[in-house]
Amino acid sequence: MINKRPTFWLTFLVLAAACCLLVVLGATPDVAASSKKTKNPPKPPARVFPDGTPWVPVDQVAALKRAHEPVPPLVMDVLIESPMERQLRLNGKAPSLKDAPYRYMVLDSPILKHKDDPFDDLYGPVRFMHLKHAAEVHDCLVCHHYRPKAEHASETTRCSACHQQPFNPAVPGRLGLKAAYHQKCIECHKKRERGPVDCKGCHEKRVPDHSKLVKLPDHPEPITVTRECLRCHDREATNMLTSAHWLWHGPSPYTVGHEDQFVLGKGTNTINNFCIAVKSNWPRCTSCHAGYGWKDADFDFSDKTRMDCLICHDTTGNYYKAPPAAGMPFPQIDLKPIAEHVGKPSRKTCGDCHFQGGGGDAVKHGDMNSVLYYPTRNCDVHMGGMDFQCHECHKTRNHKISGRSLSVPVAEGSRSCEDCHGDKPHKYHSGKGHEDHNLLNHHLNEHSQHIYCQTCHSPVYAKCKPTKVWWDWSKAGDKKRKAKKDKYGMPDYVWKKGEFRWVESAKPAYAWYNGRVKRVIIGQKVDPARGVIRLTEPVGAIWDRKSRIFPFKIMRGKQMYDPENGYLIVPHLFGPDGYWKTLDWQKSFEIGMQAAGLPYSGQYSWVETAMYWGLNHETMPAENALGCAQCHPALNGEQTCNRCHKDTRHLDFKRLAHRGTDFAAMKAKGRDVGALIGQTDYLNFKALGYKGDPIVYGGRFTTIPLGGSVKAQNTSQ
Amino acid sequence: MELSRRGFFKVMGASGAALAATPGKAKATWKSKAPPDAYGCLVDLGRCIGCRKCELACNKVNGLPEPEKPFDDVTVFNQRRRPDDKAFTVVNRYYTGRTDERNQPKPTFVKVQCMHCQDPACASACITGALHKNENGAVTWNPAKCIGCRYCMVACPFQIPAYEYSNPITPRVRKCTFCFDRISEEGGTPGCAAICPVEAITFGRRSELLKLAHQRIKRDPVNYVQHVYGEKEVGGTSWLYISQVPFEKIDSYNMPTRQIPKLTETIQHTIFSYLWAPITLFGILGGAMWTLNRQQITGKSGPGKEKEDRS
């Protein structure tokens, strides 16, 4: 008996330990979940370059510095002469583009600041494309209309030399600087029917200080904040009610077969090859919705108090939505100081959602990622060089934001490079080092009829951060499989999602594109036997005059397909009965398809799909655009421009043709572009439908003069 | 002698005729009180783009209440508006039949506010001197003196002064102040002129502005009407207008070139010079009373007696 006692105690101890272990094990997921819920919101992005030095938008800073230079003494005596007299006096020596010292200016002279007028801060300064205007107008003397009488004064004196404070009794009738700008700009824009004539066309309207206007209790609820916004901004909210950012569907004017509809959108029926679709996965997906609490199909889209104003109008950088909370912010965040500092959207507010598409940084968009919060000039010349905010291009009216993409069908207005740069943008390469460029510019402008600006000016995508290009759902569910890191440090596997591939600084796929898109929507019959299913695909062809060559990121992957019904399946991924908890595809598909309102046959298979994503951002500075020889193999031999140009000017044809994107320098900076160094036929002319290099074989609508024998190649018709 | 109703009017009519016959002497004595070197504003309607920024600046400078429709809302142009107690200046849009190069109707925008007459009728009509033409040209209102009779509103030929009917306890007469405080400072400008993006409003000494106005309309005779509105109208105003469309078409009516106070003040001053009119009036009335009194004393029947009889 005594002998048996220790065994009993031992058994007891073992059992007790096992129980404890079980309790601990059982509790662990809850602890983990609750710790996840109390996770702190992220910190706002730091204003630093990747190397840690403070972020400086170089072009903008330089332009502002020039604008803030001390004001020169007022020119009292002006030589007033008629344009004819002046031309005669200058006798062909009138100033020209070459004399234009600045390409980009910010019109923010201290003269324009009134001492303490309560309306002084109404509008921000104007970004002014000086050289572009010079090139468009072709005559410097249109704006620089008179000159100072002093003999050695420049013919093109700066505006503020003569135009300073208004109503100066010493020079009666002389316009002040503000009126001089406005009169010249508006008059000319009206006359030429080009350029804006309204205030907001040139200026950014400043948001008044809301800290005194907003009346809120401490730690207000999100909906309380919205109610407070609505107190004054009901009209804005009414506009928001019909916007794409609220409804997640809207007009789809560029989607083939759906041009006049208002139903397409990610909230209703679009499908992709990332997390497939929103339906049945609301709380996770809608954590990027500009609203609060879209957690199921019953969300009330007419309730203005459910709008999330702060997600776009926060200027503090501290507002963050909690990822799986159906759009609700982190509960720890005090919304009062945020509501008191509302203002214009920024790269931060837009980027918090648009850089994070697909469940992580840079996953979805090949041209947008968190680096664009504070990019280098080389990464994006507009945002990094000139500190452009998203809405400065994506102009917004009544809360409808212009811009379109291939990935989603909704478009509330279009934006293109040509809106600012014109359809013949290569006019103004002048000044030092650009003497030869008039010859080149002619050809480059011809190019803009056949290729989009992005094609040359964004030669690689995901330049700043790796993006996902392959997602195989069929491999998901293997909790034992260890994820390997690829050369960019990105994981190749996540058991919830499947297998991935990432690329960085990759060469885009090029295709003809006329602005219209073919798109597969939920429930649309597709046939995998005909090859890879293209969820989105640009419309265009070499014989279509409206088509031009455009760069794309192609997202490929394998996703679920119902072979009986012949359409793609919407899976239920997120939630207690979702795949990520149950690892049960059948159950996931049943719930998902029920939410999508479609029958599910019970059969599923994996099919390969592809999705085209347009590349519009990460624009390189002009000097880093693709060069002639990088695309045209014909220019890599002995002959370059002198194939056609037999002139005797002192032009270094070879140098001209061989300039371009410096992939070697990019590689030296750590970018994965080794394979692109020294490459020619960058766009792959044959794949685009040409017989070969158009320099040799002729263009798509033209033949080579004098001996060229190749006709327009409309073979693909 | 009984002074009948008819008799009374006869007497009054005769004294009135006597008054009307005399002003010849007083006419020569009326003098304009226009300040010699007043400020003014030249509004060039050919430049105005209808941005309504002047309305906004006016609102901010004077601390006026927020308007119903924001200042960037151009739908307000669908109605013809007048300055009131909540807006000292408004811009109206007129389609006068002009068309642009594309045959589209070309609007003319007209800013309306107090003209700050050189000899303001409102100040003349004001019985307490609450309205006053300042040396710098501004016609301002003094709340300490105003009794709320609103004669100024009746007197103003441009119908500018507005009354705060919505404020029954302390109503004010409201109108453009020419930003009196601002322009009194060195280098100060009225809010509307300071904000105007195209300098459609030029601020300066009235004499200089007149030169400028004539220079501008002379330099562009094809477009501009050869008239400076406010140069001679009602004897001259501090605010001047030049326009590319006839002034009648933009509700800027033909005004007499004489000063409005001239007639009224002449009549008044004539009546009250040396107090001859009251003295005459009271003399006549006194005479009538004396006569009546005598008749009563001497026992003849009078109106008083009849009354007594009836009771």
# chains A, B, ... in the order shown; residues from 1 in each chain; ligands from 1
$ interface_residues --of "chain A" --to "chain B" --cutoff "12 Å" --atoms "only C-alpha atoms" --output "PyMOL selection string"
chain A and resi 112-123+165-187+190-193+197-200+205+232-233+235
$ residues_around --residues "Gly235 in chain B" --least-positions-apart "3" --cutoff "12 Å" --atoms "only C-alpha atoms" --output "MDAnalysis selection string"
chainID B and resid 31:34 115:121 157 229:232 238 255:262
$ atom_distance --atom1 "CA of Pro73 in chain A" --atom2 "CA of Asp59 in chain A"
26.8 Å
$ residues_around --residues "Gly614 in chain A" --least-positions-apart "3" --cutoff "12 Å" --atoms "only C-alpha atoms" --output "tab-separated table (two decimals) with all heavy atoms, in the first residue's frame"
chain	number	residue	atom	x	y	z
A	364	LYS	N	-1.11	45.42	-53.48
A	364	LYS	CA	-1.94	45.49	-54.68
A	364	LYS	C	-1.31	46.34	-55.78
A	364	LYS	O	-0.98	45.85	-56.85
A	364	LYS	CB	-3.30	46.08	-54.31
A	364	LYS	CG	-4.38	45.02	-54.11
A	364	LYS	CD	-5.73	45.68	-53.89
A	364	LYS	CE	-6.82	44.61	-53.76
A	364	LYS	NZ	-8.09	45.19	-53.32
A	365	HIS	N	-1.15	47.63	-55.49
A	365	HIS	CA	-0.69	48.55	-56.54
A	365	HIS	C	0.80	48.36	-56.79
A	365	HIS	O	1.60	48.35	-55.84
A	365	HIS	CB	-0.94	49.99	-56.14
A	365	HIS	CG	-2.38	50.37	-56.21
A	365	HIS	ND1	-3.01	50.70	-57.39
A	365	HIS	CD2	-3.32	50.47	-55.24
A	365	HIS	CE1	-4.28	50.99	-57.14
A	365	HIS	NE2	-4.50	50.86	-55.85
A	366	GLY	N	1.16	48.28	-58.04
A	366	GLY	CA	2.56	48.19	-58.38
A	366	GLY	C	3.25	49.54	-58.31
A	366	GLY	O	4.47	49.63	-58.40
A	367	ASP	N	2.47	50.61	-58.21
A	367	ASP	CA	3.06	51.94	-58.27
A	367	ASP	C	2.73	52.77	-57.04
A	367	ASP	O	2.93	53.98	-57.06
A	367	ASP	CB	2.58	52.65	-59.53
A	367	ASP	CG	1.06	52.72	-59.59
A	367	ASP	OD1	0.41	51.94	-58.90
A	367	ASP	OD2	0.53	53.57	-60.32
A	368	MET	N	2.17	52.16	-56.02
A	368	MET	CA	1.82	52.94	-54.82
A	368	MET	C	2.15	52.12	-53.59
A	368	MET	O	1.73	50.98	-53.46
A	368	MET	CB	0.33	53.28	-54.82
A	368	MET	CG	-0.02	54.38	-55.79
A	368	MET	SD	-1.57	55.15	-55.33
A	368	MET	CE	-2.74	54.02	-55.97
A	403	GLY	N	-10.18	60.51	-61.41
A	403	GLY	CA	-9.16	59.48	-61.54
A	403	GLY	C	-9.81	58.15	-61.83
A	403	GLY	O	-10.98	57.93	-61.49
A	404	ARG	N	-9.08	57.31	-62.52
A	404	ARG	CA	-9.65	56.01	-62.85
A	404	ARG	C	-8.54	54.97	-62.82
A	404	ARG	O	-7.37	55.30	-62.83
A	404	ARG	CB	-10.28	56.05	-64.24
A	404	ARG	CG	-9.28	56.37	-65.33
A	404	ARG	CD	-9.98	57.00	-66.49
A	404	ARG	NE	-9.81	56.21	-67.70
A	404	ARG	CZ	-9.96	56.71	-68.93
A	404	ARG	NH1	-10.26	57.98	-69.10
A	404	ARG	NH2	-9.80	55.95	-69.97
A	405	SER	N	-8.95	53.73	-62.75
A	405	SER	CA	-7.94	52.68	-62.72
A	405	SER	C	-8.50	51.46	-63.43
A	405	SER	O	-9.67	51.43	-63.78
A	405	SER	CB	-7.59	52.33	-61.28
A	405	SER	OG	-8.65	51.64	-60.68
A	406	LEU	N	-7.62	50.49	-63.63
A	406	LEU	CA	-8.12	49.25	-64.21
A	406	LEU	C	-8.70	48.34	-63.15
A	406	LEU	O	-9.62	47.59	-63.41
A	406	LEU	CB	-6.98	48.51	-64.92
A	406	LEU	CG	-6.76	48.92	-66.37
A	406	LEU	CD1	-5.83	50.09	-66.44
A	406	LEU	CD2	-6.27	47.76	-67.18
A	407	SER	N	-8.16	48.45	-61.95
A	407	SER	CA	-8.52	47.47	-60.92
A	407	SER	C	-9.96	47.62	-60.47
A	407	SER	O	-10.63	46.64	-60.22
A	407	SER	CB	-7.58	47.61	-59.74
A	407	SER	OG	-7.58	48.94	-59.27
A	408	VAL	N	-10.44	48.86	-60.32
A	408	VAL	CA	-11.84	49.05	-59.96
A	408	VAL	C	-12.54	49.80	-61.08
A	408	VAL	O	-11.95	50.65	-61.74
A	408	VAL	CB	-12.00	49.83	-58.64
A	408	VAL	CG1	-11.63	48.96	-57.46
A	408	VAL	CG2	-11.20	51.09	-58.63
A	452	TYR	N	1.78	56.18	-74.04
A	452	TYR	CA	1.45	57.02	-72.89
A	452	TYR	C	2.74	57.53	-72.25
A	452	TYR	O	3.80	56.90	-72.35
A	452	TYR	CB	0.66	56.21	-71.86
A	452	TYR	CG	-0.78	56.00	-72.21
A	452	TYR	CD1	-1.19	54.90	-72.95
A	452	TYR	CD2	-1.75	56.88	-71.79
A	452	TYR	CE1	-2.52	54.69	-73.27
A	452	TYR	CE2	-3.09	56.70	-72.09
A	452	TYR	CZ	-3.46	55.60	-72.84
A	452	TYR	OH	-4.78	55.40	-73.14
A	454	GLN	N	3.55	57.48	-69.24
A	454	GLN	CA	4.04	56.57	-68.21
A	454	GLN	C	5.02	55.54	-68.78
A	454	GLN	O	5.90	55.06	-68.08
A	454	GLN	CB	2.87	55.81	-67.57
A	454	GLN	CG	1.92	56.66	-66.75
A	454	GLN	CD	0.75	57.18	-67.57
A	454	GLN	OE1	0.93	57.54	-68.74
A	454	GLN	NE2	-0.41	57.23	-66.98
A	455	THR	N	4.82	55.19	-70.05
A	455	THR	CA	5.62	54.14	-70.64
A	455	THR	C	7.11	54.47	-70.57
A	455	THR	O	7.93	53.63	-70.23
A	455	THR	CB	5.18	53.92	-72.10
A	455	THR	OG1	3.78	53.71	-72.09
A	455	THR	CG2	5.87	52.74	-72.72
A	458	SER	N	7.96	55.95	-66.46
A	458	SER	CA	7.97	54.99	-65.36
A	458	SER	C	8.52	53.67	-65.90
A	458	SER	O	7.78	52.71	-66.08
A	458	SER	CB	6.57	54.75	-64.81
A	458	SER	OG	6.07	55.91	-64.23
A	461	TYR	N	8.41	49.38	-62.33
A	461	TYR	CA	7.41	49.60	-61.29
A	461	TYR	C	7.84	48.94	-59.98
A	461	TYR	O	8.80	48.18	-59.95
A	461	TYR	CB	6.03	49.12	-61.73
A	461	TYR	CG	5.83	47.62	-61.85
A	461	TYR	CD1	5.24	46.90	-60.82
A	461	TYR	CD2	6.21	46.94	-62.98
A	461	TYR	CE1	5.03	45.53	-60.93
A	461	TYR	CE2	6.02	45.58	-63.10
A	461	TYR	CZ	5.43	44.87	-62.08
A	461	TYR	OH	5.24	43.52	-62.18
A	508	PRO	N	7.61	46.62	-66.50
A	508	PRO	CA	6.17	46.40	-66.66
A	508	PRO	C	5.87	45.54	-67.89
A	508	PRO	O	6.73	45.33	-68.75
A	508	PRO	CB	5.61	47.81	-66.86
A	508	PRO	CG	6.72	48.75	-66.55
A	508	PRO	CD	7.99	48.00	-66.77
A	509	ALA	N	4.64	45.07	-67.95
A	509	ALA	CA	4.14	44.46	-69.18
A	509	ALA	C	3.55	45.58	-70.02
A	509	ALA	O	2.90	46.48	-69.47
A	509	ALA	CB	3.07	43.43	-68.84
A	510	TYR	N	3.79	45.56	-71.32
A	510	TYR	CA	3.29	46.64	-72.17
A	510	TYR	C	2.16	46.14	-73.05
A	510	TYR	O	2.23	45.02	-73.58
A	510	TYR	CB	4.41	47.23	-73.02
A	510	TYR	CG	5.46	47.91	-72.16
A	510	TYR	CD1	6.65	47.27	-71.83
A	510	TYR	CD2	5.23	49.18	-71.65
A	510	TYR	CE1	7.59	47.89	-71.01
A	510	TYR	CE2	6.16	49.80	-70.83
A	510	TYR	CZ	7.34	49.15	-70.52
A	510	TYR	OH	8.26	49.77	-69.71
A	511	ALA	N	1.13	46.94	-73.18
A	511	ALA	CA	0.00	46.54	-74.01
A	511	ALA	C	-0.67	47.77	-74.59
A	511	ALA	O	-0.54	48.87	-74.05
A	511	ALA	CB	-1.01	45.74	-73.18
A	512	TRP	N	-1.37	47.57	-75.70
A	512	TRP	CA	-2.16	48.66	-76.29
A	512	TRP	C	-3.37	48.93	-75.42
A	512	TRP	O	-4.02	48.00	-74.94
A	512	TRP	CB	-2.60	48.30	-77.71
A	512	TRP	CG	-1.45	48.20	-78.64
A	512	TRP	CD1	-0.85	47.06	-79.08
A	512	TRP	CD2	-0.75	49.29	-79.24
A	512	TRP	NE1	0.19	47.36	-79.92
A	512	TRP	CE2	0.27	48.72	-80.05
A	512	TRP	CE3	-0.87	50.67	-79.20
A	512	TRP	CZ2	1.17	49.50	-80.78
A	512	TRP	CZ3	0.01	51.45	-79.92
A	512	TRP	CH2	1.01	50.87	-80.71
A	513	TYR	N	-3.66	50.18	-75.23
A	513	TYR	CA	-4.71	50.55	-74.27
A	513	TYR	C	-5.39	51.81	-74.77
A	513	TYR	O	-4.73	52.80	-75.05
A	513	TYR	CB	-4.05	50.77	-72.90
A	513	TYR	CG	-4.98	51.20	-71.79
A	513	TYR	CD1	-6.22	50.61	-71.61
A	513	TYR	CD2	-4.58	52.18	-70.87
A	513	TYR	CE1	-7.05	51.00	-70.57
A	513	TYR	CE2	-5.40	52.56	-69.82
A	513	TYR	CZ	-6.63	51.97	-69.68
A	513	TYR	OH	-7.44	52.36	-68.64
A	515	GLY	N	-8.03	53.12	-73.02
A	515	GLY	CA	-8.74	53.71	-71.90
A	515	GLY	C	-9.91	52.89	-71.43
A	515	GLY	O	-10.46	53.14	-70.37
A	516	ARG	N	-10.31	51.92	-72.22
A	516	ARG	CA	-11.44	51.08	-71.83
A	516	ARG	C	-10.94	49.74	-71.30
A	516	ARG	O	-9.84	49.30	-71.62
A	516	ARG	CB	-12.40	50.90	-72.99
A	516	ARG	CG	-13.22	52.18	-73.25
A	516	ARG	CD	-13.69	52.31	-74.68
A	516	ARG	NE	-14.32	51.12	-75.19
A	516	ARG	CZ	-15.62	50.82	-75.04
A	516	ARG	NH1	-16.41	51.63	-74.41
A	516	ARG	NH2	-16.12	49.73	-75.54
A	517	VAL	N	-11.78	49.12	-70.48
A	517	VAL	CA	-11.35	47.93	-69.75
A	517	VAL	C	-12.38	46.82	-69.91
A	517	VAL	O	-13.58	47.08	-69.84
A	517	VAL	CB	-11.20	48.25	-68.24
A	517	VAL	CG1	-10.66	47.05	-67.49
A	517	VAL	CG2	-10.31	49.45	-68.04
A	536	THR	N	-9.24	41.62	-65.22
A	536	THR	CA	-9.30	42.93	-65.88
A	536	THR	C	-8.29	42.90	-67.01
A	536	THR	O	-7.25	42.27	-66.90
A	536	THR	CB	-8.93	44.09	-64.94
A	536	THR	OG1	-7.57	43.93	-64.54
A	536	THR	CG2	-9.82	44.18	-63.74
A	537	GLU	N	-8.63	43.60	-68.05
A	537	GLU	CA	-7.78	43.56	-69.23
A	537	GLU	C	-7.96	44.85	-70.01
A	537	GLU	O	-9.10	45.29	-70.22
A	537	GLU	CB	-8.21	42.37	-70.09
A	537	GLU	CG	-7.32	42.09	-71.25
A	537	GLU	CD	-7.89	40.97	-72.12
A	537	GLU	OE1	-9.02	40.51	-71.88
A	537	GLU	OE2	-7.20	40.60	-73.06
A	538	PRO	N	-6.88	45.48	-70.40
A	538	PRO	CA	-7.04	46.72	-71.17
A	538	PRO	C	-7.56	46.42	-72.57
A	538	PRO	O	-7.25	45.38	-73.14
A	538	PRO	CB	-5.61	47.27	-71.22
A	538	PRO	CG	-4.74	46.08	-71.09
A	538	PRO	CD	-5.47	45.12	-70.20
A	549	ILE	N	0.49	52.66	-76.20
A	549	ILE	CA	1.14	51.63	-75.38
A	549	ILE	C	1.20	52.11	-73.94
A	549	ILE	O	1.57	53.26	-73.67
A	549	ILE	CB	2.56	51.34	-75.91
A	549	ILE	CG1	2.49	50.87	-77.35
A	549	ILE	CG2	3.26	50.32	-75.04
A	549	ILE	CD1	3.84	50.86	-78.06
A	550	PHE	N	0.81	51.23	-73.04
A	550	PHE	CA	0.70	51.60	-71.63
A	550	PHE	C	1.39	50.52	-70.79
A	550	PHE	O	1.34	49.35	-71.13
A	550	PHE	CB	-0.78	51.69	-71.24
A	550	PHE	CG	-1.04	52.34	-69.92
A	550	PHE	CD1	-1.12	53.71	-69.83
A	550	PHE	CD2	-1.19	51.57	-68.77
A	550	PHE	CE1	-1.37	54.32	-68.60
A	550	PHE	CE2	-1.43	52.18	-67.54
A	550	PHE	CZ	-1.52	53.56	-67.46
A	551	PRO	N	2.04	50.92	-69.69
A	551	PRO	CA	2.70	49.91	-68.84
A	551	PRO	C	1.75	49.35	-67.78
A	551	PRO	O	0.95	50.08	-67.21
A	551	PRO	CB	3.82	50.72	-68.16
A	551	PRO	CG	3.29	52.11	-68.09
A	551	PRO	CD	2.33	52.29	-69.24
A	552	PHE	N	1.85	48.06	-67.54
A	552	PHE	CA	0.98	47.40	-66.58
A	552	PHE	C	1.78	46.51	-65.64
A	552	PHE	O	2.81	45.95	-66.03
A	552	PHE	CB	-0.04	46.50	-67.30
A	552	PHE	CG	-0.97	47.26	-68.19
A	552	PHE	CD1	-0.72	47.37	-69.55
A	552	PHE	CD2	-2.10	47.87	-67.67
A	552	PHE	CE1	-1.58	48.07	-70.37
A	552	PHE	CE2	-2.96	48.56	-68.50
A	552	PHE	CZ	-2.70	48.68	-69.86
A	553	LYS	N	1.26	46.39	-64.45
A	553	LYS	CA	1.64	45.28	-63.58
A	553	LYS	C	0.60	44.21	-63.80
A	553	LYS	O	-0.60	44.51	-63.78
A	553	LYS	CB	1.64	45.72	-62.12
A	553	LYS	CG	1.66	44.57	-61.14
A	553	LYS	CD	1.27	44.99	-59.72
A	553	LYS	CE	1.00	43.75	-58.88
A	553	LYS	NZ	0.72	44.08	-57.48
A	554	ILE	N	1.00	42.98	-64.04
A	554	ILE	CA	0.02	41.90	-64.17
A	554	ILE	C	0.07	41.06	-62.91
A	554	ILE	O	1.11	40.51	-62.56
A	554	ILE	CB	0.27	41.03	-65.41
A	554	ILE	CG1	0.25	41.89	-66.67
A	554	ILE	CG2	-0.80	39.94	-65.51
A	554	ILE	CD1	0.48	41.12	-67.94
A	555	MET	N	-1.04	41.03	-62.22
A	555	MET	CA	-1.15	40.21	-61.01
A	555	MET	C	-1.73	38.87	-61.42
A	555	MET	O	-2.81	38.80	-61.99
A	555	MET	CB	-2.08	40.92	-60.03
A	555	MET	CG	-2.39	40.11	-58.79
A	555	MET	SD	-0.93	39.89	-57.76
A	555	MET	CE	-1.52	38.63	-56.64
A	611	MET	N	-4.74	39.76	-63.67
A	611	MET	CA	-5.40	41.04	-63.50
A	611	MET	C	-4.41	42.13	-63.89
A	611	MET	O	-3.28	42.15	-63.40
A	611	MET	CB	-5.78	41.18	-62.03
A	611	MET	CG	-6.95	42.05	-61.76
A	611	MET	SD	-7.31	42.05	-60.01
A	611	MET	CE	-8.42	43.43	-59.97
A	617	HIS	N	1.86	56.06	-61.11
A	617	HIS	CA	2.62	56.85	-60.14
A	617	HIS	C	4.09	56.46	-60.20
A	617	HIS	O	4.51	55.79	-61.13
A	617	HIS	CB	2.02	56.68	-58.75
A	617	HIS	CG	0.54	56.99	-58.73
A	617	HIS	ND1	-0.42	56.04	-58.87
A	617	HIS	CD2	-0.11	58.18	-58.64
A	617	HIS	CE1	-1.63	56.61	-58.84
A	617	HIS	NE2	-1.47	57.91	-58.71
A	618	GLU	N	4.83	56.87	-59.21
A	618	GLU	CA	6.29	56.62	-59.21
A	618	GLU	C	6.91	57.14	-60.50
A	618	GLU	O	7.72	56.49	-61.13
A	618	GLU	CB	6.60	55.13	-59.05
A	618	GLU	CG	6.33	54.60	-57.65
A	618	GLU	CD	6.89	53.20	-57.44
A	618	GLU	OE1	7.33	52.57	-58.42
A	618	GLU	OE2	6.89	52.75	-56.30
$ select_by_dssp --residues "range 187-272 of chain B" --states "strand (DSSP E)" --output "PyMOL selection string"
chain B and resi 201-205+239-242
$ residues_around --residues "Gly692 in chain A" --least-positions-apart "3" --cutoff "12 Å" --atoms "only C-alpha atoms" --output "number ranges by chain"
A: 631-634, 681, 683-689, 695-700, 710, 712-713
$ write_last_selection --atoms "N, CA and C atoms" --output "mmCIF file, in the first residue's frame"
data_model
loop_
_atom_site.group_PDB
_atom_site.id
_atom_site.type_symbol
_atom_site.label_atom_id
_atom_site.label_comp_id
_atom_site.auth_asym_id
_atom_site.auth_seq_id
_atom_site.Cartn_x
_atom_site.Cartn_y
_atom_site.Cartn_z
ATOM 1 N N CYS A 631 14.839 51.369 -76.348
ATOM 2 C CA CYS A 631 13.708 50.687 -76.974
ATOM 3 C C CYS A 631 14.018 50.277 -78.412
ATOM 4 N N HIS A 632 14.797 51.097 -79.104
ATOM 5 C CA HIS A 632 14.999 50.869 -80.533
ATOM 6 C C HIS A 632 16.331 50.168 -80.785
ATOM 7 N N PRO A 633 16.283 48.885 -81.092
ATOM 8 C CA PRO A 633 17.543 48.176 -81.384
ATOM 9 C C PRO A 633 18.274 48.811 -82.560
ATOM 10 N N ALA A 634 17.530 49.428 -83.458
ATOM 11 C CA ALA A 634 18.146 49.990 -84.663
ATOM 12 C C ALA A 634 19.118 51.113 -84.324
ATOM 13 N N ASP A 681 15.246 47.053 -77.134
ATOM 14 C CA ASP A 681 13.893 46.553 -77.413
ATOM 15 C C ASP A 681 13.124 46.366 -76.108
ATOM 16 N N LEU A 683 10.382 47.591 -74.934
ATOM 17 C CA LEU A 683 8.936 47.356 -74.972
ATOM 18 C C LEU A 683 8.575 46.053 -75.676
ATOM 19 N N ASN A 684 9.519 45.473 -76.378
ATOM 20 C CA ASN A 684 9.286 44.280 -77.194
ATOM 21 C C ASN A 684 8.278 44.571 -78.312
ATOM 22 N N PHE A 685 8.791 45.150 -79.376
ATOM 23 C CA PHE A 685 7.932 45.603 -80.480
ATOM 24 C C PHE A 685 7.135 44.466 -81.095
ATOM 25 N N LYS A 686 7.761 43.293 -81.205
ATOM 26 C CA LYS A 686 7.055 42.190 -81.861
ATOM 27 C C LYS A 686 5.839 41.771 -81.051
ATOM 28 N N ALA A 687 6.004 41.753 -79.725
ATOM 29 C CA ALA A 687 4.874 41.362 -78.879
ATOM 30 C C ALA A 687 3.733 42.364 -78.987
ATOM 31 N N LEU A 688 4.058 43.598 -79.315
ATOM 32 C CA LEU A 688 3.025 44.621 -79.435
ATOM 33 C C LEU A 688 2.379 44.615 -80.818
ATOM 34 N N GLY A 689 2.864 43.802 -81.716
ATOM 35 C CA GLY A 689 2.237 43.691 -83.023
ATOM 36 C C GLY A 689 3.041 44.312 -84.153
ATOM 37 N N ILE A 695 11.735 51.880 -86.461
ATOM 38 C CA ILE A 695 12.714 52.690 -87.196
ATOM 39 C C ILE A 695 13.112 51.967 -88.483
ATOM 40 N N VAL A 696 13.116 50.659 -88.416
ATOM 41 C CA VAL A 696 13.490 49.874 -89.597
ATOM 42 C C VAL A 696 12.261 49.517 -90.432
ATOM 43 N N TYR A 697 11.189 49.135 -89.712
ATOM 44 C CA TYR A 697 10.029 48.580 -90.428
ATOM 45 C C TYR A 697 8.879 49.556 -90.615
ATOM 46 N N GLY A 698 9.019 50.728 -90.055
ATOM 47 C CA GLY A 698 7.943 51.709 -90.184
ATOM 48 C C GLY A 698 6.984 51.640 -89.010
ATOM 49 N N GLY A 699 6.253 52.725 -88.817
ATOM 50 C CA GLY A 699 5.323 52.794 -87.687
ATOM 51 C C GLY A 699 4.055 52.030 -87.978
ATOM 52 N N ARG A 700 3.109 52.152 -87.076
ATOM 53 C CA ARG A 700 1.893 51.353 -87.264
ATOM 54 C C ARG A 700 0.995 51.937 -88.351
ATOM 55 N N VAL A 710 7.791 48.702 -95.589
ATOM 56 C CA VAL A 710 6.861 48.017 -94.705
ATOM 57 C C VAL A 710 5.609 48.854 -94.520
ATOM 58 N N ALA A 712 1.650 49.589 -92.885
ATOM 59 C CA ALA A 712 1.054 49.554 -91.550
ATOM 60 C C ALA A 712 0.711 48.125 -91.187
ATOM 61 N N GLN A 713 1.050 47.781 -89.983
ATOM 62 C CA GLN A 713 0.914 46.376 -89.614
ATOM 63 C C GLN A 713 -0.363 46.166 -88.841
#
$ residues_around --residues "Cys393 in chain A" --least-positions-apart "3" --cutoff "12 Å" --atoms "only C-alpha atoms" --output "list in words"
Arg127, Gly201, Cys202, Glu204, Ser346, Arg347, His382, Met383, Asp387, Phe388, Gln389, Cys390, Thr396, Ile401, Ser402, Gly403, Arg404, Gly413, Ser414, Arg415, Ser416, Cys417, Glu418, Asp419, Cys420, His421, Asn616 and His617 of chain A
$ select_by_dssp --residues "range 534-649 of chain A" --states "alpha helix (DSSP H)" --output "PyMOL selection string"
chain A and resi 579-582+585-596+628-631
$ atom_distance --atom1 "CA of Cys309 in chain A" --atom2 "CA of Thr268 in chain A"
22.5 Å
